file structure36.cif (mmCIF, C-alpha atoms)
data_start
loop_
_atom_site.label_atom_id
_atom_site.label_comp_id
_atom_site.auth_asym_id
_atom_site.auth_seq_id
_atom_site.Cartn_x
_atom_site.Cartn_y
_atom_site.Cartn_z
CA MET A 1 0.79 -31.00 -28.67
CA ILE A 2 -1.97 -28.60 -27.56
CA ILE A 3 -4.30 -27.65 -30.41
CA ASN A 4 -4.74 -23.93 -31.11
CA ASP A 5 -8.48 -23.84 -30.41
CA GLU A 6 -8.41 -22.03 -27.08
CA PRO A 7 -9.57 -18.53 -28.19
CA ALA A 8 -12.55 -19.98 -30.09
CA ARG A 9 -13.40 -22.34 -27.22
CA THR A 10 -13.23 -19.56 -24.63
CA ILE A 11 -15.43 -17.22 -26.71
CA GLY A 12 -17.88 -20.06 -27.32
CA ILE A 13 -18.21 -20.88 -23.61
CA LEU A 14 -18.59 -17.23 -22.61
CA LYS A 15 -21.39 -16.82 -25.16
CA LYS A 16 -23.06 -20.14 -24.35
CA TYR A 17 -23.33 -19.35 -20.64
CA ASP A 18 -23.71 -15.56 -21.08
CA LEU A 19 -20.69 -15.19 -18.83
CA MET A 20 -18.60 -12.12 -18.05
CA PRO A 21 -15.25 -12.42 -16.23
CA ARG A 22 -15.61 -11.16 -12.66
CA LYS A 23 -13.19 -8.52 -11.44
CA LYS A 24 -13.78 -9.40 -7.79
CA PHE A 25 -12.25 -12.83 -8.44
CA GLY A 26 -9.48 -11.43 -10.64
CA GLN A 27 -10.66 -13.48 -13.63
CA ASN A 28 -8.57 -13.31 -16.81
CA PHE A 29 -8.90 -16.46 -18.92
CA LEU A 30 -5.73 -17.81 -20.53
CA ILE A 31 -6.26 -18.40 -24.28
CA ASP A 32 -2.77 -18.90 -25.73
CA PRO A 33 -2.09 -22.63 -26.33
CA HIS A 34 1.68 -22.10 -26.41
CA VAL A 35 1.62 -20.62 -22.90
CA ILE A 36 -0.55 -23.49 -21.65
CA GLU A 37 2.01 -25.93 -23.03
CA LYS A 38 4.85 -24.01 -21.36
CA ILE A 39 3.09 -24.16 -18.00
CA ILE A 40 2.43 -27.90 -18.21
CA ASP A 41 5.99 -28.58 -19.42
CA ALA A 42 7.45 -26.41 -16.64
CA ALA A 43 5.35 -28.30 -14.10
CA GLN A 44 6.86 -31.57 -15.41
CA ILE A 45 3.52 -33.38 -15.22
CA GLU A 46 3.87 -37.16 -15.55
CA GLU A 47 1.42 -40.05 -15.83
CA GLY A 48 1.39 -40.95 -12.14
CA ASP A 49 1.07 -37.40 -10.78
CA CYS A 50 -1.71 -35.93 -8.67
CA VAL A 51 -2.19 -32.26 -9.55
CA LEU A 52 -3.91 -29.57 -7.51
CA GLU A 53 -5.11 -26.84 -9.86
CA ILE A 54 -6.07 -23.59 -8.17
CA GLY A 55 -8.47 -21.39 -10.11
CA PRO A 56 -9.26 -23.58 -13.15
CA GLY A 57 -11.68 -21.00 -14.54
CA ILE A 58 -13.49 -22.54 -17.51
CA GLY A 59 -11.11 -25.47 -17.69
CA THR A 60 -8.72 -24.18 -20.35
CA MET A 61 -5.71 -25.80 -18.73
CA THR A 62 -7.64 -28.37 -16.70
CA ARG A 63 -8.48 -30.61 -19.64
CA HIS A 64 -4.82 -30.77 -20.70
CA LEU A 65 -3.72 -31.53 -17.14
CA CYS A 66 -6.23 -34.40 -17.08
CA ASP A 67 -4.66 -35.79 -20.24
CA ARG A 68 -1.20 -35.82 -18.64
CA ALA A 69 -1.77 -36.65 -14.95
CA ALA A 70 -3.28 -39.58 -13.07
CA LYS A 71 -5.56 -37.27 -11.08
CA VAL A 72 -6.49 -33.58 -11.09
CA ILE A 73 -8.15 -31.77 -8.19
CA ALA A 74 -9.53 -28.41 -9.35
CA VAL A 75 -10.45 -25.87 -6.65
CA GLU A 76 -12.63 -23.03 -7.97
CA ILE A 77 -14.28 -20.31 -5.87
CA ASP A 78 -16.81 -19.14 -8.50
CA ARG A 79 -20.00 -21.23 -8.37
CA ASP A 80 -20.95 -20.31 -11.95
CA LEU A 81 -17.60 -21.55 -13.27
CA VAL A 82 -17.95 -24.78 -11.31
CA LYS A 83 -21.23 -25.39 -13.13
CA ILE A 84 -19.44 -24.93 -16.46
CA LEU A 85 -16.59 -27.20 -15.42
CA LYS A 86 -19.00 -29.96 -14.45
CA GLU A 87 -21.05 -29.68 -17.63
CA ASP A 88 -18.12 -29.21 -20.00
CA LEU A 89 -15.38 -31.39 -18.48
CA LEU A 90 -16.48 -33.71 -15.71
CA LYS A 91 -18.47 -36.03 -17.96
CA ASP A 92 -15.38 -36.70 -20.12
CA LYS A 93 -12.58 -36.57 -17.56
CA GLU A 94 -12.92 -39.43 -15.08
CA ASN A 95 -9.71 -38.43 -13.27
CA LEU A 96 -11.04 -34.96 -12.39
CA THR A 97 -12.39 -33.85 -8.99
CA ILE A 98 -13.95 -30.37 -8.80
CA ILE A 99 -14.24 -28.53 -5.47
CA ASN A 100 -16.27 -25.31 -5.16
CA GLU A 101 -14.36 -23.54 -2.41
CA ASP A 102 -11.99 -20.69 -1.57
CA ILE A 103 -8.50 -22.24 -1.59
CA LEU A 104 -7.58 -20.11 1.43
CA LYS A 105 -10.27 -21.91 3.44
CA VAL A 106 -9.55 -25.44 2.19
CA ASP A 107 -7.80 -27.88 4.53
CA THR A 108 -5.19 -28.70 1.90
CA GLU A 109 -3.33 -31.18 4.13
CA GLU A 110 -6.50 -33.22 4.57
CA LEU A 111 -7.27 -32.88 0.86
CA VAL A 112 -3.87 -34.35 -0.07
CA ARG A 113 -4.34 -37.19 2.42
CA LYS A 114 -7.77 -37.98 1.00
CA GLU A 115 -6.98 -37.65 -2.71
CA ASN A 116 -3.35 -38.80 -2.86
CA GLY A 117 -2.72 -40.80 0.31
CA GLY A 118 -0.61 -38.00 1.76
CA ARG A 119 1.97 -38.30 -1.04
CA PRO A 120 3.35 -35.04 -2.49
CA ILE A 121 1.27 -33.34 -5.17
CA LYS A 122 2.15 -30.85 -7.89
CA VAL A 123 0.37 -27.49 -7.75
CA VAL A 124 -0.51 -25.66 -10.95
CA ALA A 125 -2.32 -22.32 -10.84
CA ASN A 126 -3.24 -19.16 -12.70
CA LEU A 127 -3.50 -17.07 -9.55
CA PRO A 128 -5.57 -13.90 -9.05
CA TYR A 129 -2.94 -11.23 -8.61
CA TYR A 130 -4.46 -9.70 -5.48
CA ILE A 131 -4.14 -12.90 -3.39
CA THR A 132 -1.04 -14.49 -4.90
CA THR A 133 1.15 -14.14 -1.79
CA PRO A 134 -1.44 -15.38 0.76
CA ILE A 135 -2.09 -18.50 -1.35
CA ILE A 136 1.61 -19.34 -1.81
CA MET A 137 2.55 -18.69 1.81
CA GLY A 138 -0.54 -20.53 3.05
CA LEU A 139 0.54 -23.69 1.22
CA PHE A 140 4.13 -23.39 2.45
CA GLU A 141 3.32 -22.58 6.06
CA LYS A 142 0.79 -25.41 6.34
CA HIS A 143 3.55 -27.76 5.14
CA VAL A 144 1.26 -29.27 2.52
CA PRO A 145 3.06 -32.24 0.87
CA MET A 146 4.14 -30.77 -2.48
CA GLU A 147 6.81 -31.48 -5.09
CA SER A 148 6.45 -28.15 -6.82
CA LEU A 149 4.28 -25.12 -7.55
CA THR A 150 4.04 -23.89 -11.14
CA LEU A 151 2.27 -20.56 -11.13
CA MET A 152 1.05 -17.87 -13.49
CA VAL A 153 1.52 -14.64 -11.55
CA GLN A 154 2.02 -10.94 -12.14
CA LYS A 155 5.49 -10.45 -13.64
CA GLU A 156 6.47 -8.08 -10.86
CA VAL A 157 5.64 -10.76 -8.26
CA ALA A 158 7.63 -13.39 -10.18
CA GLN A 159 10.64 -11.05 -10.21
CA ARG A 160 10.30 -10.55 -6.46
CA MET A 161 10.19 -14.30 -5.85
CA CYS A 162 13.40 -14.93 -7.77
CA ALA A 163 15.31 -11.74 -6.81
CA LYS A 164 18.83 -11.54 -5.38
CA PRO A 165 19.91 -9.65 -2.23
CA GLY A 166 20.68 -6.00 -2.86
CA THR A 167 18.33 -5.62 -5.84
CA LYS A 168 15.19 -3.46 -5.91
CA ASP A 169 12.92 -6.53 -6.23
CA TYR A 170 14.42 -8.32 -3.22
CA GLY A 171 12.10 -8.42 -0.22
CA ALA A 172 10.29 -10.45 2.40
CA LEU A 173 8.57 -12.61 -0.23
CA THR A 174 11.96 -13.47 -1.76
CA VAL A 175 13.34 -14.62 1.58
CA ALA A 176 10.25 -16.69 2.38
CA VAL A 177 10.19 -18.37 -1.03
CA SER A 178 13.91 -19.19 -0.85
CA TYR A 179 13.41 -20.74 2.62
CA TYR A 180 10.87 -23.24 1.25
CA SER A 181 11.85 -23.70 -2.41
CA GLU A 182 14.10 -23.11 -5.39
CA CYS A 183 12.69 -20.47 -7.75
CA TYR A 184 12.85 -20.66 -11.55
CA LEU A 185 11.35 -18.12 -13.96
CA ALA A 186 9.99 -20.27 -16.80
CA ALA A 187 8.39 -17.74 -19.17
CA ASN A 188 7.16 -14.18 -19.58
CA VAL A 189 3.54 -13.88 -20.73
CA PRO A 190 2.19 -10.83 -22.65
CA CYS A 191 -1.22 -9.32 -21.89
CA ASN A 192 -2.69 -10.52 -25.22
CA CYS A 193 -2.55 -14.14 -24.01
CA PHE A 194 -5.60 -13.51 -21.82
CA MET A 195 -9.26 -12.68 -22.24
CA PRO A 196 -9.92 -9.99 -21.13
CA ARG A 197 -6.46 -8.48 -21.28
CA PRO A 198 -5.01 -7.61 -17.86
CA ASP A 199 -3.29 -4.27 -17.31
CA VAL A 200 0.03 -5.87 -16.36
CA MET A 201 2.46 -8.41 -17.77
CA SER A 202 2.47 -11.93 -16.34
CA ALA A 203 5.07 -14.65 -15.87
CA VAL A 204 5.23 -18.38 -15.24
CA VAL A 205 7.34 -19.30 -12.23
CA ARG A 206 8.19 -22.76 -10.91
CA LEU A 207 8.96 -23.31 -7.25
CA LYS A 208 10.64 -26.64 -6.53
CA VAL A 209 9.81 -27.45 -2.91
CA LEU A 210 12.81 -28.30 -0.73
CA SER A 211 12.74 -31.35 1.52
CA GLU A 212 14.56 -29.30 4.18
CA PRO A 213 15.16 -25.53 4.51
CA PRO A 214 18.58 -24.47 3.19
CA VAL A 215 19.40 -22.81 6.53
CA THR A 216 18.95 -23.83 10.15
CA THR A 217 17.74 -21.44 12.82
CA GLY A 218 16.69 -22.03 16.39
CA ASP A 219 13.48 -20.03 15.97
CA PRO A 220 12.05 -19.76 12.41
CA ALA A 221 9.14 -17.64 13.68
CA LYS A 222 11.57 -15.06 15.08
CA MET A 223 13.61 -15.09 11.88
CA PHE A 224 10.52 -14.31 9.82
CA ALA A 225 9.51 -11.59 12.30
CA ILE A 226 12.94 -10.02 11.67
CA VAL A 227 12.49 -10.38 7.90
CA LYS A 228 9.04 -8.77 8.06
CA ALA A 229 10.32 -5.88 10.17
CA ALA A 230 13.39 -5.41 7.97
CA PHE A 231 11.30 -4.90 4.84
CA GLY A 232 8.34 -3.16 6.49
CA GLN A 233 10.06 0.16 5.84
CA ARG A 234 12.89 -0.47 3.40
CA ARG A 235 14.64 2.85 3.97
CA LYS A 236 15.16 2.16 7.67
CA THR A 237 18.36 0.60 8.95
CA LEU A 238 18.03 -2.77 10.66
CA GLN A 239 18.77 -1.07 13.97
CA ASN A 240 15.73 1.20 13.65
CA ALA A 241 13.52 -1.42 12.01
CA LEU A 242 14.00 -4.10 14.68
CA VAL A 243 14.00 -2.11 17.92
CA ASN A 244 10.24 -1.49 18.05
CA ALA A 245 9.09 -4.50 16.02
CA GLN A 246 6.68 -7.05 17.50
CA GLY A 247 8.18 -10.36 18.58
CA ILE A 248 11.75 -9.00 18.61
CA ASP A 249 13.28 -7.93 21.92
CA CYS A 250 16.53 -6.09 21.22
CA THR A 251 18.32 -2.76 21.41
CA LYS A 252 20.07 -0.81 18.67
CA GLU A 253 23.38 -1.69 20.26
CA GLU A 254 22.60 -5.40 20.17
CA VAL A 255 21.67 -5.23 16.48
CA ALA A 256 24.86 -3.27 15.72
CA GLU A 257 26.98 -5.84 17.59
CA ALA A 258 25.28 -8.72 15.79
CA LEU A 259 25.90 -7.13 12.40
CA GLU A 260 29.53 -6.42 13.29
CA SER A 261 30.05 -10.04 14.31
CA MET A 262 28.75 -11.05 10.88
CA GLY A 263 31.09 -8.62 9.09
CA LEU A 264 28.28 -6.24 8.10
CA PRO A 265 28.10 -2.45 8.67
CA ALA A 266 26.20 -1.24 11.74
CA LEU A 267 23.85 0.85 9.57
CA ALA A 268 23.03 -1.98 7.16
CA ARG A 269 19.52 -2.25 5.72
CA GLY A 270 17.61 -5.52 5.42
CA GLU A 271 17.78 -5.52 1.62
CA ILE A 272 21.48 -6.53 1.67
CA LEU A 273 21.03 -9.59 3.92
CA SER A 274 20.76 -13.05 2.42
CA LEU A 275 18.55 -15.80 3.84
CA GLU A 276 21.61 -17.26 5.59
CA GLN A 277 22.38 -13.90 7.19
CA PHE A 278 18.80 -13.44 8.38
CA ALA A 279 19.03 -16.86 10.05
CA ALA A 280 22.37 -15.91 11.62
CA ILE A 281 21.22 -12.57 13.05
CA SER A 282 18.06 -14.21 14.38
CA ASP A 283 20.11 -16.77 16.31
CA ILE A 284 22.53 -14.14 17.60
CA LEU A 285 19.73 -11.90 18.89
CA THR A 286 17.97 -14.89 20.43
CA LYS A 287 21.10 -15.79 22.40
#
call {"tool": "encode", "arguments": {"input": "structure36.cif", "output": "structure tokens"}}
result
Amino acid sequence: MIINDEPARTIGILKKYDLMPRKKFGQNFLIDPHVIEKIIDAAQIEEGDCVLEIGPGIGTMTRHLCDRAAKVIAVEIDRDLVKILKEDLLKDKENLTIINEDILKVDTEELVRKENGGRPIKVVANLPYYITTPIIMGLFEKHVPMESLTLMVQKEVAQRMCAKPGTKDYGALTVAVSYYSECYLAANVPCNCFMPRPDVMSAVVRLKVLSEPPVTTGDPAKMFAIVKAAFGQRRKTLQNALVNAQGIDCTKEEVAEALESMGLPALARGEILSLEQFAAISDILTK
């Protein structure tokens, strides 16, 4: 059970170090103990786990992760927060490694090899909203050994990750996430759970990493080029979206024929295609 001392602890640390959350790093410190517990429970942290925490802040969740896991690697970009983490946590948590670096510049594959012998880790993060997608896709595309990612993100982004074809939230991020993982929306998080309060609602989402993609395609890079083009301008038909897109060499007629062979209308838009259908049209156009 996580003790309800987080608001007082956060205020105390901010006063002690004369610290103000920095907008350029998207800093909003989580202070609700119930949400912290939901995140750790959703992540299914066990005694033998190695956890990569991205953006630990002042260590609100870090100390609880250290109590549950065998090892915690905390990557924090803000040098001032790293100082706090080392003074406030490192002396008491022998299973904690703190790295002062931008996660987008970290060689995460090498980090996992060094800290966990190359075995899969569990990622837990309260991500800055403005770089959520680059961080997630960077970890997936580098094929970092991971069991799961449990993330606090903007609610709108969480809805996009878990959306279904044909809905307004369905897009390129949805397709990419479903190619690498199974998405589960674990909890909605109100603004008053943070200090300072953000302007938008948040959500906790868990991505269970798949051992193999759920679809096969001869050229994944081409499939994702098609996905990107399809959602680049949502109101365009696939015919118009793909003809002039980079990395895709096709005519309107070829797209129409491919869609017809799949039982889809010639003027279909990308938003109605599932991951399986994107893989299929990619292979047809490649042939």
call {"tool": "closest_residue", "arguments": {"input": "structure36.cif", "among": "A:Leu65, A:Leu238, A:Ala279, A:Ile31", "to": "A:Leu264", "atoms": "only C-alpha atoms"}}
result
A:Leu238
call {"tool": "resolve_selection", "arguments": {"input": "structure36.cif", "expression": "the PyMOL selection byres ((chain A and resi 222) around 12)", "output": "ChimeraX atom specification"}}
result
/A:217-221,223-229,242,245-250,278-286
call {"tool": "closest_residue", "arguments": {"input": "structure36.cif", "among": "A:Asn100, A:Gln154, A:Gln277, A:Ser148", "to": "A:Leu210", "atoms": "only C-alpha atoms"}}
result
A:Ser148
call {"tool": "atom_distance", "arguments": {"input": "structure36.cif", "atom1": "atom CA of A:Val205", "atom2": "atom CA of A:Cys183"}}
result
7.1 Å
call {"tool": "atom_distance", "arguments": {"input": "structure36.cif", "atom1": "atom CA of A:Arg119", "atom2": "atom CA of A:Ala176"}}
result
23.4 Å
call {"tool": "closest_residue", "arguments": {"input": "structure36.cif", "among": "A:Ile58, A:Val123, A:Ala241, A:Cys66", "to": "A:Phe29", "atoms": "only C-alpha atoms"}}
result
A:Ile58
call {"tool": "closest_residue", "arguments": {"input": "structure36.cif", "among": "A:Asp169, A:Ala69, A:Lys86, A:Val255", "to": "A:Val243", "atoms": "all atoms listed in the file"}}
result
A:Val255
call {"tool": "residues_around", "arguments": {"input": "structure36.cif", "residues": "A:Val51", "least_positions_apart": "3", "cutoff": "6 Å", "atoms": "only C-alpha atoms", "output": "VMD selection string"}}
result
chain A and resid 72 121 to 123
call {"tool": "residues_near_point", "arguments": {"input": "structure36.cif", "point": "(0.9, -39.6, -2.2)", "cutoff": "12 Å", "atoms": "only C-alpha atoms", "output": "PDB file with C-alpha atoms, in the frame of the given file"}}
result
ATOM      1  CA  GLY A  48       1.390 -40.950 -12.140  1.00  0.00           C
ATOM      2  CA  ASP A  49       1.070 -37.400 -10.780  1.00  0.00           C
ATOM      3  CA  CYS A  50      -1.710 -35.930  -8.670  1.00  0.00           C
ATOM      4  CA  VAL A  51      -2.190 -32.260  -9.550  1.00  0.00           C
ATOM      5  CA  ALA A  70      -3.280 -39.580 -13.070  1.00  0.00           C
ATOM      6  CA  LYS A  71      -5.560 -37.270 -11.080  1.00  0.00           C
ATOM      7  CA  GLU A 109      -3.330 -31.180   4.130  1.00  0.00           C
ATOM      8  CA  GLU A 110      -6.500 -33.220   4.570  1.00  0.00           C
ATOM      9  CA  LEU A 111      -7.270 -32.880   0.860  1.00  0.00           C
ATOM     10  CA  VAL A 112      -3.870 -34.350  -0.070  1.00  0.00           C
ATOM     11  CA  ARG A 113      -4.340 -37.190   2.420  1.00  0.00           C
ATOM     12  CA  LYS A 114      -7.770 -37.980   1.000  1.00  0.00           C
ATOM     13  CA  GLU A 115      -6.980 -37.650  -2.710  1.00  0.00           C
ATOM     14  CA  ASN A 116      -3.350 -38.800  -2.860  1.00  0.00           C
ATOM     15  CA  GLY A 117      -2.720 -40.800   0.310  1.00  0.00           C
ATOM     16  CA  GLY A 118      -0.610 -38.000   1.760  1.00  0.00           C
ATOM     17  CA  ARG A 119       1.970 -38.300  -1.040  1.00  0.00           C
ATOM     18  CA  PRO A 120       3.350 -35.040  -2.490  1.00  0.00           C
ATOM     19  CA  ILE A 121       1.270 -33.340  -5.170  1.00  0.00           C
ATOM     20  CA  LYS A 122       2.150 -30.850  -7.890  1.00  0.00           C
ATOM     21  CA  VAL A 144       1.260 -29.270   2.520  1.00  0.00           C
ATOM     22  CA  PRO A 145       3.060 -32.240   0.870  1.00  0.00           C
ATOM     23  CA  MET A 146       4.140 -30.770  -2.480  1.00  0.00           C
ATOM     24  CA  GLU A 147       6.810 -31.480  -5.090  1.00  0.00           C
TER      25      GLU A 147
END
call {"tool": "atom_distance", "arguments": {"input": "structure36.cif", "atom1": "atom CA of A:Val200", "atom2": "atom CA of A:Lys155"}}
result
7.6 Å
call {"tool": "resolve_selection", "arguments": {"input": "structure36.cif", "expression": "the PyMOL selection byres ((chain A and resi 188-199) around 8)", "output": "PyMOL selection string"}}
result
chain A and resi 21+28-32+35+155+186-187+200-204
call {"tool": "residues_near_point", "arguments": {"input": "structure36.cif", "point": "(-13.1, -26.1, -9.3)", "cutoff": "8 Å", "atoms": "all atoms listed in the file", "output": "PyMOL selection string"}}
result
chain A and resi 54-57+73-78+81-82+85+97-101
call {"tool": "closest_residue", "arguments": {"input": "structure36.cif", "among": "A:Asp107, A:Glu271, A:Glu156, A:Asp88", "to": "A:Thr132", "atoms": "all atoms listed in the file"}}
result
A:Glu156
call {"tool": "closest_residue", "arguments": {"input": "structure36.cif", "among": "A:Lys15, A:Lys164, A:Ile103, A:Asn95", "to": "A:Glu47", "atoms": "all atoms listed in the file"}}
result
A:Asn95
call {"tool": "residues_around", "arguments": {"input": "structure36.cif", "residues": "A:Leu259", "least_positions_apart": "6", "cutoff": "8 Å", "atoms": "all atoms listed in the file", "output": "number ranges by chain"}}
result
A: 265-266, 268, 281
call {"tool": "residues_around", "arguments": {"input": "structure36.cif", "residues": "A:Glu182", "least_positions_apart": "3", "cutoff": "9 Å", "atoms": "only C-alpha atoms", "output": "tab-separated table (two decimals) with C-alpha atoms, in the coordinates of the input"}}
result
chain	number	residue	atom	x	y	z
A	162	CYS	CA	13.40	-14.93	-7.77
A	177	VAL	CA	10.19	-18.37	-1.03
A	178	SER	CA	13.91	-19.19	-0.85
A	179	TYR	CA	13.41	-20.74	2.62
A	206	ARG	CA	8.19	-22.76	-10.91
A	207	LEU	CA	8.96	-23.31	-7.25
A	208	LYS	CA	10.64	-26.64	-6.53
A	209	VAL	CA	9.81	-27.45	-2.91
A	210	LEU	CA	12.81	-28.30	-0.73
